[in-house]
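What's in start.txt: compact mmCIF, C-alpha atoms
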# COMPACT_ATOMS: atom_id res chain seq x y z
CA MET A 1 -22.22 -7.66 24.00
CA SER A 2 -22.79 -8.85 20.46
CA LEU A 3 -26.18 -9.80 19.10
CA LEU A 4 -25.11 -13.41 18.99
CA ASP A 5 -24.23 -13.43 22.66
CA TYR A 6 -27.64 -12.04 23.44
CA PHE A 7 -29.28 -15.14 22.06
CA ARG A 8 -26.72 -17.50 23.46
CA THR A 9 -26.99 -16.55 27.10
CA SER A 10 -30.35 -16.93 28.70
CA LYS A 11 -31.90 -13.69 29.87
CA THR A 12 -32.22 -14.95 33.40
CA SER A 13 -28.55 -15.81 33.86
CA SER A 14 -27.23 -14.70 37.21
CA ALA A 15 -24.61 -12.49 35.53
CA SER A 16 -27.22 -10.43 33.71
CA LEU A 17 -29.20 -10.10 36.90
CA ALA A 18 -26.03 -8.91 38.62
CA LYS A 19 -25.42 -6.34 35.91
CA GLU A 20 -28.96 -5.03 36.07
CA ARG A 21 -28.84 -4.63 39.84
CA LEU A 22 -25.46 -2.94 39.64
CA GLN A 23 -26.52 -0.46 36.99
CA ILE A 24 -29.48 0.70 39.03
CA LEU A 25 -27.51 0.92 42.26
CA VAL A 26 -24.49 2.65 40.79
CA ALA A 27 -26.61 5.25 39.01
CA TYR A 28 -28.38 6.05 42.27
CA GLU A 29 -25.18 6.19 44.33
CA ARG A 30 -23.40 8.37 41.80
CA SER A 31 -26.15 10.95 41.92
CA SER A 32 -26.28 11.03 45.71
CA ASN A 33 -22.49 11.06 46.13
CA ASN A 34 -22.17 13.86 43.65
CA GLN A 35 -24.28 16.19 45.74
CA PRO A 36 -22.15 19.16 46.75
CA PRO A 37 -21.37 19.26 50.48
CA TYR A 38 -22.94 22.71 50.89
CA LEU A 39 -26.42 21.47 50.05
CA PRO A 40 -27.66 20.71 53.59
CA GLN A 41 -26.50 24.09 54.86
CA LEU A 42 -28.02 25.88 51.89
CA GLN A 43 -31.29 24.18 52.70
CA GLN A 44 -31.08 25.28 56.34
CA GLU A 45 -30.40 28.89 55.47
CA LEU A 46 -33.07 29.07 52.79
CA LEU A 47 -35.54 27.66 55.26
CA ILE A 48 -34.74 30.37 57.81
CA VAL A 49 -35.32 33.10 55.20
CA ILE A 50 -38.58 31.56 54.06
CA GLN A 51 -39.78 31.09 57.63
CA LYS A 52 -39.44 34.84 58.14
CA TYR A 53 -42.34 35.31 55.76
CA VAL A 54 -44.23 32.07 55.64
CA ASN A 55 -44.89 29.58 58.35
CA VAL A 56 -43.44 26.38 56.89
CA ASN A 57 -41.79 23.55 58.77
CA SER A 58 -38.52 21.94 57.83
CA ASP A 59 -39.91 18.75 56.35
CA ALA A 60 -42.04 20.75 53.93
CA MET A 61 -38.94 21.54 51.91
CA THR A 62 -36.76 19.41 49.67
CA ILE A 63 -33.68 20.48 47.79
CA LYS A 64 -32.07 18.59 44.93
CA LEU A 65 -29.24 19.25 42.53
CA GLU A 66 -29.54 17.43 39.24
CA GLN A 67 -26.89 17.17 36.60
CA SER A 68 -27.53 16.41 32.99
CA ASP A 69 -25.01 16.54 30.15
CA ASN A 70 -24.54 20.27 29.96
CA GLN A 71 -26.54 21.84 32.75
CA GLU A 72 -27.12 21.68 36.46
CA THR A 73 -30.52 22.29 37.94
CA LEU A 74 -31.12 23.24 41.53
CA GLU A 75 -34.59 22.12 42.39
CA LEU A 76 -36.28 23.61 45.42
CA ASN A 77 -39.63 22.27 46.49
CA ILE A 78 -41.58 23.97 49.28
CA VAL A 79 -45.04 23.03 50.31
CA LEU A 80 -46.75 26.19 51.52
CA PRO A 81 -49.47 26.06 54.13
CA ASP A 82 -52.95 27.31 53.36
CA PHE A 83 -52.58 31.08 52.75
CA ARG A 84 -55.80 32.19 54.37
CA ARG A 85 -54.63 31.02 57.75
CA VAL A 86 -51.27 32.84 57.67
CA MET B 1 10.06 13.35 39.25
CA ALA B 2 8.61 10.01 40.13
CA ARG B 3 5.25 8.77 38.98
CA ILE B 4 3.02 7.80 41.91
CA ILE B 5 0.70 4.86 41.32
CA VAL B 6 -2.01 3.85 43.77
CA VAL B 7 -3.34 0.31 43.66
CA THR B 8 -6.82 0.52 45.13
CA SER B 9 -10.24 -1.14 45.08
CA GLY B 10 -12.38 -0.26 48.06
CA LYS B 11 -13.25 -3.89 48.66
CA GLY B 12 -10.82 -6.23 50.38
CA GLY B 13 -9.49 -9.50 49.04
CA VAL B 14 -9.67 -8.62 45.35
CA GLY B 15 -5.92 -8.70 44.72
CA LYS B 16 -4.51 -5.27 45.58
CA THR B 17 -1.40 -6.57 47.31
CA THR B 18 -0.84 -9.31 44.72
CA THR B 19 -1.12 -6.62 42.04
CA SER B 20 1.11 -4.14 43.86
CA ALA B 21 3.80 -6.79 44.31
CA ALA B 22 3.55 -7.94 40.69
CA ILE B 23 3.59 -4.56 38.99
CA SER B 24 6.31 -3.07 41.19
CA MET B 25 8.48 -6.10 40.44
CA GLY B 26 7.58 -5.82 36.75
CA LEU B 27 8.53 -2.13 36.59
CA ALA B 28 11.84 -2.82 38.36
CA LYS B 29 12.59 -5.78 36.08
CA LYS B 30 12.10 -3.44 33.14
CA GLY B 31 14.93 -1.32 34.51
CA HIS B 32 13.01 1.35 36.42
CA LYS B 33 13.94 2.14 39.98
CA THR B 34 10.76 1.39 41.90
CA VAL B 35 9.57 1.46 45.50
CA VAL B 36 6.40 -0.19 46.75
CA ILE B 37 4.77 1.13 49.93
CA ASP B 38 2.36 -0.79 52.16
CA PHE B 39 -0.33 1.60 53.46
CA ASP B 40 -2.19 -1.09 55.38
CA VAL B 41 -1.07 0.00 58.83
CA GLY B 42 -2.01 -2.60 61.43
CA LEU B 43 -2.55 -5.35 58.86
CA ARG B 44 0.58 -5.35 56.77
CA ASN B 45 0.95 -8.15 54.25
CA LEU B 46 2.97 -6.80 51.37
CA ASP B 47 6.15 -7.95 53.17
CA LEU B 48 4.84 -11.54 53.12
CA ILE B 49 3.86 -11.43 49.45
CA MET B 50 7.28 -9.97 48.59
CA GLY B 51 9.03 -12.53 50.80
CA CYS B 52 10.85 -10.00 52.99
CA GLU B 53 8.84 -10.40 56.21
CA ARG B 54 11.89 -11.42 58.25
CA ARG B 55 13.88 -8.41 57.17
CA VAL B 56 11.45 -5.76 58.43
CA VAL B 57 13.12 -3.61 61.08
CA TYR B 58 11.57 -0.18 60.71
CA ASP B 59 8.33 0.82 59.02
CA ILE B 60 6.55 3.84 57.52
CA ILE B 61 5.24 5.03 60.90
CA ASN B 62 8.77 5.00 62.35
CA VAL B 63 9.83 7.23 59.47
CA ILE B 64 6.88 9.59 59.92
CA ASN B 65 7.61 9.86 63.65
CA GLY B 66 11.32 10.48 63.03
CA GLU B 67 12.36 7.25 64.80
CA ALA B 68 14.16 5.97 61.69
CA SER B 69 15.43 7.38 58.45
CA LEU B 70 13.82 6.44 55.16
CA ASN B 71 16.93 4.52 54.13
CA GLN B 72 16.85 2.51 57.35
CA ALA B 73 13.24 1.51 56.71
CA LEU B 74 13.55 0.66 53.00
CA ILE B 75 14.16 -3.03 52.25
CA LYS B 76 16.00 -3.98 49.07
CA ASP B 77 14.23 -6.76 47.22
CA LYS B 78 16.04 -10.10 47.10
CA ASN B 79 15.20 -10.73 43.42
CA CYS B 80 15.77 -7.33 41.90
CA ASN B 81 18.09 -4.62 43.19
CA LEU B 82 16.09 -1.84 41.53
CA LEU B 83 13.10 -2.61 43.76
CA SER B 84 12.64 -1.47 47.37
CA ILE B 85 9.84 -2.09 49.84
CA LEU B 86 8.60 0.26 52.54
CA PRO B 87 6.59 -1.83 55.00
CA ALA B 88 3.62 -0.73 57.07
CA SER B 89 3.58 -0.82 60.83
CA GLN B 90 1.96 -3.85 62.38
CA THR B 91 1.41 -2.43 65.85
CA ARG B 92 -0.17 0.97 65.19
CA ASN B 93 -3.51 1.85 63.69
CA LYS B 94 -4.23 3.68 60.47
CA ASP B 95 -4.62 7.06 62.15
CA ALA B 96 -0.87 7.09 62.79
CA LEU B 97 -0.50 8.03 59.13
CA THR B 98 -0.60 11.77 58.58
CA GLN B 99 -1.01 13.63 55.33
CA GLU B 100 2.03 15.74 56.08
CA GLY B 101 4.15 12.72 56.96
CA VAL B 102 3.14 10.75 53.88
CA GLY B 103 3.67 13.81 51.69
CA LYS B 104 7.21 14.23 52.98
CA ILE B 105 8.07 10.57 52.45
CA LEU B 106 6.75 10.62 48.88
CA GLU B 107 8.66 13.80 48.15
CA GLU B 108 11.90 12.28 49.38
CA LEU B 109 11.30 9.00 47.51
CA SER B 110 10.53 10.97 44.34
CA LYS B 111 14.12 12.15 44.20
CA GLU B 112 15.49 8.64 44.04
CA PHE B 113 12.84 6.46 42.41
CA LYS B 114 11.10 6.49 39.04
CA TYR B 115 7.91 4.77 40.18
CA ILE B 116 6.27 4.77 43.59
CA VAL B 117 3.60 2.10 43.98
CA CYS B 118 1.18 2.66 46.88
CA ASP B 119 -0.58 -0.50 48.03
CA SER B 120 -3.84 0.78 49.50
CA PRO B 121 -5.69 -0.94 52.34
CA ALA B 122 -9.32 -1.90 51.81
CA GLY B 123 -11.98 0.56 52.83
CA ILE B 124 -12.13 4.33 52.53
CA GLU B 125 -10.56 5.34 55.85
CA GLN B 126 -7.35 7.28 56.50
CA GLY B 127 -4.94 4.63 55.13
CA ALA B 128 -6.83 4.29 51.85
CA HIS B 129 -7.31 8.03 51.62
CA LEU B 130 -3.61 8.79 52.01
CA ALA B 131 -2.57 5.99 49.65
CA MET B 132 -4.57 7.68 46.87
CA TYR B 133 -4.22 11.34 47.89
CA PHE B 134 -0.90 12.08 46.15
CA ALA B 135 -1.35 9.69 43.21
CA ASP B 136 -0.78 10.44 39.54
CA ASP B 137 -2.20 7.13 38.32
CA ALA B 138 -4.73 4.80 39.89
CA PHE B 139 -4.93 1.09 39.18
CA ILE B 140 -8.44 0.01 40.14
CA VAL B 141 -8.38 -3.69 40.99
CA THR B 142 -11.82 -5.20 40.49
CA ASN B 143 -13.30 -8.70 40.59
CA PRO B 144 -16.20 -9.53 38.27
CA GLU B 145 -18.53 -9.52 41.25
CA VAL B 146 -21.25 -7.06 42.29
CA SER B 147 -19.79 -5.82 45.58
CA SER B 148 -16.36 -5.28 44.06
CA VAL B 149 -17.69 -3.31 41.08
CA ARG B 150 -19.84 -1.17 43.36
CA ASP B 151 -16.90 -0.40 45.66
CA SER B 152 -14.67 0.40 42.68
CA ASP B 153 -17.22 2.92 41.51
CA ARG B 154 -17.24 4.51 44.94
CA ILE B 155 -13.43 4.71 44.90
CA LEU B 156 -13.55 6.41 41.49
CA GLY B 157 -15.77 9.06 43.01
CA LEU B 158 -13.24 9.64 45.80
CA LEU B 159 -10.31 9.78 43.37
CA SER B 160 -12.01 12.56 41.48
CA SER B 161 -12.97 14.57 44.56
CA LYS B 162 -10.67 13.80 47.52
CA SER B 163 -7.21 13.69 45.92
CA GLN B 164 -4.55 16.36 45.81
CA ARG B 165 -5.00 16.71 42.05
CA ALA B 166 -8.74 17.25 42.53
CA GLU B 167 -8.25 19.75 45.35
CA LYS B 168 -5.66 21.73 43.43
CA ASN B 169 -7.75 21.59 40.26
CA GLU B 170 -4.93 19.88 38.38
CA GLU B 171 -5.23 17.31 35.64
CA PRO B 172 -7.19 14.41 37.17
CA ILE B 173 -5.63 11.14 38.27
CA LYS B 174 -5.40 8.68 35.38
CA GLU B 175 -7.61 5.73 36.19
CA TYR B 176 -6.97 2.22 34.89
CA LEU B 177 -8.86 -1.03 35.35
CA ILE B 178 -7.25 -4.32 36.28
CA LEU B 179 -9.89 -7.05 36.29
CA THR B 180 -8.73 -9.96 38.44
CA ARG B 181 -9.89 -13.52 39.16
CA TYR B 182 -11.54 -13.68 35.76
CA ALA B 183 -12.95 -17.04 34.72
CA PRO B 184 -13.86 -16.96 31.00
CA GLU B 185 -15.75 -20.26 31.14
CA ARG B 186 -18.02 -18.96 33.88
CA VAL B 187 -18.56 -15.77 31.90
CA LYS B 188 -19.57 -17.85 28.90
CA SER B 189 -22.11 -19.79 30.90
CA GLY B 190 -23.61 -16.58 32.25
CA GLU B 191 -22.46 -17.12 35.83
CA MET B 192 -20.01 -14.26 35.98
CA LEU B 193 -20.03 -10.62 34.92
CA SER B 194 -18.09 -10.22 31.70
CA LEU B 195 -15.37 -7.68 31.03
CA ASP B 196 -17.88 -5.76 28.90
CA ASP B 197 -20.45 -5.79 31.73
CA VAL B 198 -17.90 -4.34 34.14
CA GLN B 199 -16.75 -1.78 31.59
CA ASP B 200 -20.36 -0.73 30.88
CA ILE B 201 -20.46 0.44 34.47
CA LEU B 202 -16.92 1.63 35.18
CA SER B 203 -15.71 2.56 31.65
CA LEU B 204 -12.00 2.80 32.45
CA ASP B 205 -8.83 2.30 30.46
CA LEU B 206 -8.25 -1.46 30.61
CA LEU B 207 -4.71 -2.35 31.65
CA GLY B 208 -5.39 -6.05 31.63
CA VAL B 209 -7.39 -9.05 32.79
CA ILE B 210 -5.84 -11.47 35.28
CA PRO B 211 -7.33 -14.93 34.96
CA GLU B 212 -8.30 -16.90 38.05
CA SER B 213 -5.13 -18.90 38.54
CA LYS B 214 -3.60 -21.39 40.93
CA SER B 215 -0.24 -19.70 40.43
CA VAL B 216 -1.32 -16.68 42.53
CA LEU B 217 -1.62 -18.81 45.66
CA THR B 218 1.57 -20.71 44.86
CA ALA B 219 3.39 -17.40 44.49
CA SER B 220 2.14 -16.03 47.79
CA ASN B 221 2.97 -19.33 49.53
CA SER B 222 6.60 -18.89 48.58
CA GLY B 223 6.79 -15.09 48.88
CA ASN B 224 7.64 -14.43 45.24
CA PRO B 225 5.50 -11.98 43.26
CA VAL B 226 3.51 -13.98 40.70
CA ILE B 227 4.99 -11.98 37.81
CA LEU B 228 8.26 -13.89 38.38
CA ASP B 229 6.45 -17.10 37.43
CA GLU B 230 6.82 -16.47 33.73
CA LYS B 231 5.15 -19.72 32.76
CA SER B 232 1.94 -18.96 34.60
CA ASP B 233 -1.02 -17.24 32.95
CA ALA B 234 -1.37 -14.75 35.82
CA GLY B 235 2.35 -13.95 35.66
CA GLN B 236 2.13 -13.32 31.92
CA ALA B 237 -1.01 -11.23 32.37
CA TYR B 238 0.83 -9.00 34.85
CA SER B 239 3.81 -8.71 32.49
CA ASP B 240 1.42 -7.54 29.79
CA ILE B 241 -0.03 -4.98 32.19
CA VAL B 242 3.38 -3.54 33.03
CA ALA B 243 4.30 -3.37 29.34
CA ARG B 244 1.01 -1.65 28.45
CA TYR B 245 1.42 0.84 31.27
CA LEU B 246 4.87 1.67 29.92
CA GLY B 247 3.37 2.36 26.52
CA GLU B 248 3.75 -0.91 24.63
CA THR B 249 0.78 -2.20 22.67
CA ARG B 250 0.02 -5.78 23.49
CA PRO B 251 -3.17 -7.60 22.49
CA HIS B 252 -5.38 -8.51 25.44
CA ARG B 253 -5.26 -12.14 26.48
CA PHE B 254 -7.09 -14.37 28.95
CA ILE B 255 -10.46 -12.84 28.12
CA ASP B 256 -12.04 -15.55 26.01
CA GLY B 257 -10.43 -18.53 27.71
CA LYS B 258 -8.87 -20.12 24.65
CA LYS B 259 -6.05 -22.36 25.70
CA GLY B 260 -3.03 -22.95 23.51
CA LEU B 261 -2.33 -26.45 22.22
CA PHE B 262 0.60 -26.78 24.61
CA ARG B 263 -1.55 -25.95 27.60
CA LYS B 264 -4.29 -28.30 26.44
CA LEU B 265 -1.84 -31.16 26.23
CA PHE B 266 0.24 -30.49 29.30
CA GLY B 267 -2.08 -28.44 31.52
CA GLY B 268 -0.46 -25.84 33.72
CA GLY B 269 -1.25 -22.36 34.93

Here is the file; what I need is its structure written in the form of structure tokens.
Amino acid sequence: MSLLDYFRTSKTSSASLAKERLQILVAYERSSNNQPPYLPQLQQELLIVIQKYVNVNSDAMTIKLEQSDNQETLELNIVLPDFRRV
Amino acid sequence: MARIIVVTSGKGGVGKTTTSAAISMGLAKKGHKTVVIDFDVGLRNLDLIMGCERRVVYDIINVINGEASLNQALIKDKNCNLLSILPASQTRNKDALTQEGVGKILEELSKEFKYIVCDSPAGIEQGAHLAMYFADDAFIVTNPEVSSVRDSDRILGLLSSKSQRAEKNEEPIKEYLILTRYAPERVKSGEMLSLDDVQDILSLDLLGVIPESKSVLTASNSGNPVILDEKSDAGQAYSDIVARYLGETRPHRFIDGKKGLFRKLFGGG
């Protein structure tokens, strides 16, 4: 879009609203569709290993694979219970 | 070897069958032996758009099940003898298509034809999956409308993960955009997503923009692919698309809505 067009069309036009909504939605859907299919199983198996040592329940763990331009990050987040009680 | 083109979109009603009919006719008119296959089992319509609905005897499912030979099922087009149509079955459901069966048909057709155009059904079920699975090129038909752009993006994801080329780690399917039902005046007044808006999201090779046109309905009424209506804007836009796909450079038209003097005076298209 040229600079001129930016001034010509009002910011609240329905097309620009459509574009904004689409950009947000598509970005979200791309990231969730790009998750490798093994992720849920990986989470299950990791949980079993961790539960051998620490008493955590399944909803205390989240797993996420993030892709940026040149690297992939596997993010594992486990909320441990209070240690003194284990 | 033939080149296999899938015409797909995810969303229904955006112009897949109109596009399949037009480009297959265009390729054949340019002298290339072409076959167009309807993958919409249970809801076939390509035969109607091509005007051969009364000549359908056997269909793709009959061929897969060995009830008819490929040559018995293929229908020669009435306008162009280089074009054949393989209709879908109207009485079965989409699960009657098998990957093995479709693979065999495409392999056999590859020996005889230069281009194989696969008209995908809407959705992402078996019919749509098999229409795209063996493709070399994908024509993504999109309307400048939120749900269509979203579905196209979803289809792009499937093309890059669920196709034979993806599974075999071969060179990916070439993806092209065909933006249909475009109304430049509405874009100008901010009521419709522009080509640039759509490309900001999909960023594909643009094959062409098809303007919203009365001639598309007229063409389907009479069962002649719109590309045969050489006077119409949509027909010309499809001719441009075929030429560009075959490697010609043609400037893009129908994007800014300027009408020629002739059109202004006499209307039309």

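Here is the contact set of chain A against chain B, at 6 Å and counting all atoms listed in the file: Ser13, Ser14 and Ala15 of chain A.
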
Create the file for the chosen residues now, containing C-alpha atoms and written as a compact mmCIF listing (two decimals), in the frame of the given file.
# COMPACT_ATOMS: atom_id res chain seq x y z
CA SER A 13 -28.55 -15.81 33.86
CA SER A 14 -27.23 -14.70 37.21
CA ALA A 15 -24.61 -12.49 35.53

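Among the candidate residues B:Leu82, B:Leu179, B:Ile124, B:Ala219, the one lying nearest to Val35 in chain B is B:Leu82, with distances computed using only C-alpha atoms.
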
Work out how far apart CA of Gln90 in chain B and CA of Thr17 in chain B are and give it in Å to one decimal.
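It comes out at 15.7 Å.
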
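Candidate residues B:Ser120, B:Ser84, B:Ser220, B:Ser89 were compared for distance to Ile60 in chain B, and the nearest is B:Ser89, using all atoms listed in the file.
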
For CA of Tyr115 in chain B and CA of Phe134 in chain B, the interatomic separation in Å (one decimal)
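So the two atoms, CA of Tyr115 in chain B and CA of Phe134 in chain B, lie 12.9 Å apart.
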
Taking into account all atoms listed in the file, which residue in the set B:Val7, B:Ala28, B:Leu70, B:Cys80 is nearest to Cys118 in chain B?
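Of the candidates, the smallest distance to Cys118 in chain B is held by B:Val7.
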
The distance between CA of Gly15 in chain B and CA of Val117 in chain B is 14.4 Å

Nearest to Thr62 in chain A, chosen from A:Leu42, A:Ala18, A:Leu25, A:Val49, with only C-alpha atoms counted in the distances:
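Checking each of A:Leu42, A:Ala18, A:Leu25, A:Val49 against Thr62 in chain A, counting only C-alpha atoms, the winner is A:Leu42.
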
Nearest to Val26 in chain A: which of B:Val56, B:Ile155, B:Thr34, B:Met25 is it, counting all atoms listed in the file?
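Using all atoms listed in the file, Val26 in chain A sits closest to B:Ile155.
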
Counting only C-alpha atoms, the residue of B:Ile61, B:Ala73, B:Ile210, B:Ile85 that sits nearest Ile49 in chain B:
B:Ile85

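Using all atoms listed in the file, the residues found no farther than 12 Å from Pro81 in chain A, other than those of its own chain fewer than 4 positions away, are Gln51, Tyr53, Val54, Asn55, Val56, Asn57, Ala60, Met61, Arg85 and Val86 of chain A.
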
Could the centre and edge lengths of an axis-aligned box, enclosing all atoms of range 11-30 of chain B in the file with 8 Å extra on each side, be given in Å to one decimal as lines of an AutoDock Vina configuration file?
center_x = -0.3
center_y = -5.8
center_z = 41.8
size_x = 41.8
size_y = 23.4
size_z = 33.2

Selection: 12 Å around Asp47 in chain B, all atoms listed in the file, excl. self and same-chain fewer than 4 positions, as a tab-separated table (two decimals) with C-alpha atoms, in the coordinates of the input:
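Written output follows (out_0.tsv):
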chain	number	residue	atom	x	y	z
B	17	THR	CA	-1.40	-6.57	47.31
B	18	THR	CA	-0.84	-9.31	44.72
B	20	SER	CA	1.11	-4.14	43.86
B	21	ALA	CA	3.80	-6.79	44.31
B	36	VAL	CA	6.40	-0.19	46.75
B	37	ILE	CA	4.77	1.13	49.93
B	38	ASP	CA	2.36	-0.79	52.16
B	39	PHE	CA	-0.33	1.60	53.46
B	40	ASP	CA	-2.19	-1.09	55.38
B	43	LEU	CA	-2.55	-5.35	58.86
B	51	GLY	CA	9.03	-12.53	50.80
B	52	CYS	CA	10.85	-10.00	52.99
B	53	GLU	CA	8.84	-10.40	56.21
B	54	ARG	CA	11.89	-11.42	58.25
B	55	ARG	CA	13.88	-8.41	57.17
B	56	VAL	CA	11.45	-5.76	58.43
B	57	VAL	CA	13.12	-3.61	61.08
B	59	ASP	CA	8.33	0.82	59.02
B	74	LEU	CA	13.55	0.66	53.00
B	75	ILE	CA	14.16	-3.03	52.25
B	76	LYS	CA	16.00	-3.98	49.07
B	77	ASP	CA	14.23	-6.76	47.22
B	78	LYS	CA	16.04	-10.10	47.10
B	84	SER	CA	12.64	-1.47	47.37
B	85	ILE	CA	9.84	-2.09	49.84
B	86	LEU	CA	8.60	0.26	52.54
B	87	PRO	CA	6.59	-1.83	55.00
B	88	ALA	CA	3.62	-0.73	57.07
B	89	SER	CA	3.58	-0.82	60.83
B	90	GLN	CA	1.96	-3.85	62.38
B	119	ASP	CA	-0.58	-0.50	48.03
B	220	SER	CA	2.14	-16.03	47.79
B	222	SER	CA	6.60	-18.89	48.58
B	223	GLY	CA	6.79	-15.09	48.88
B	224	ASN	CA	7.64	-14.43	45.24
B	225	PRO	CA	5.50	-11.98	43.26
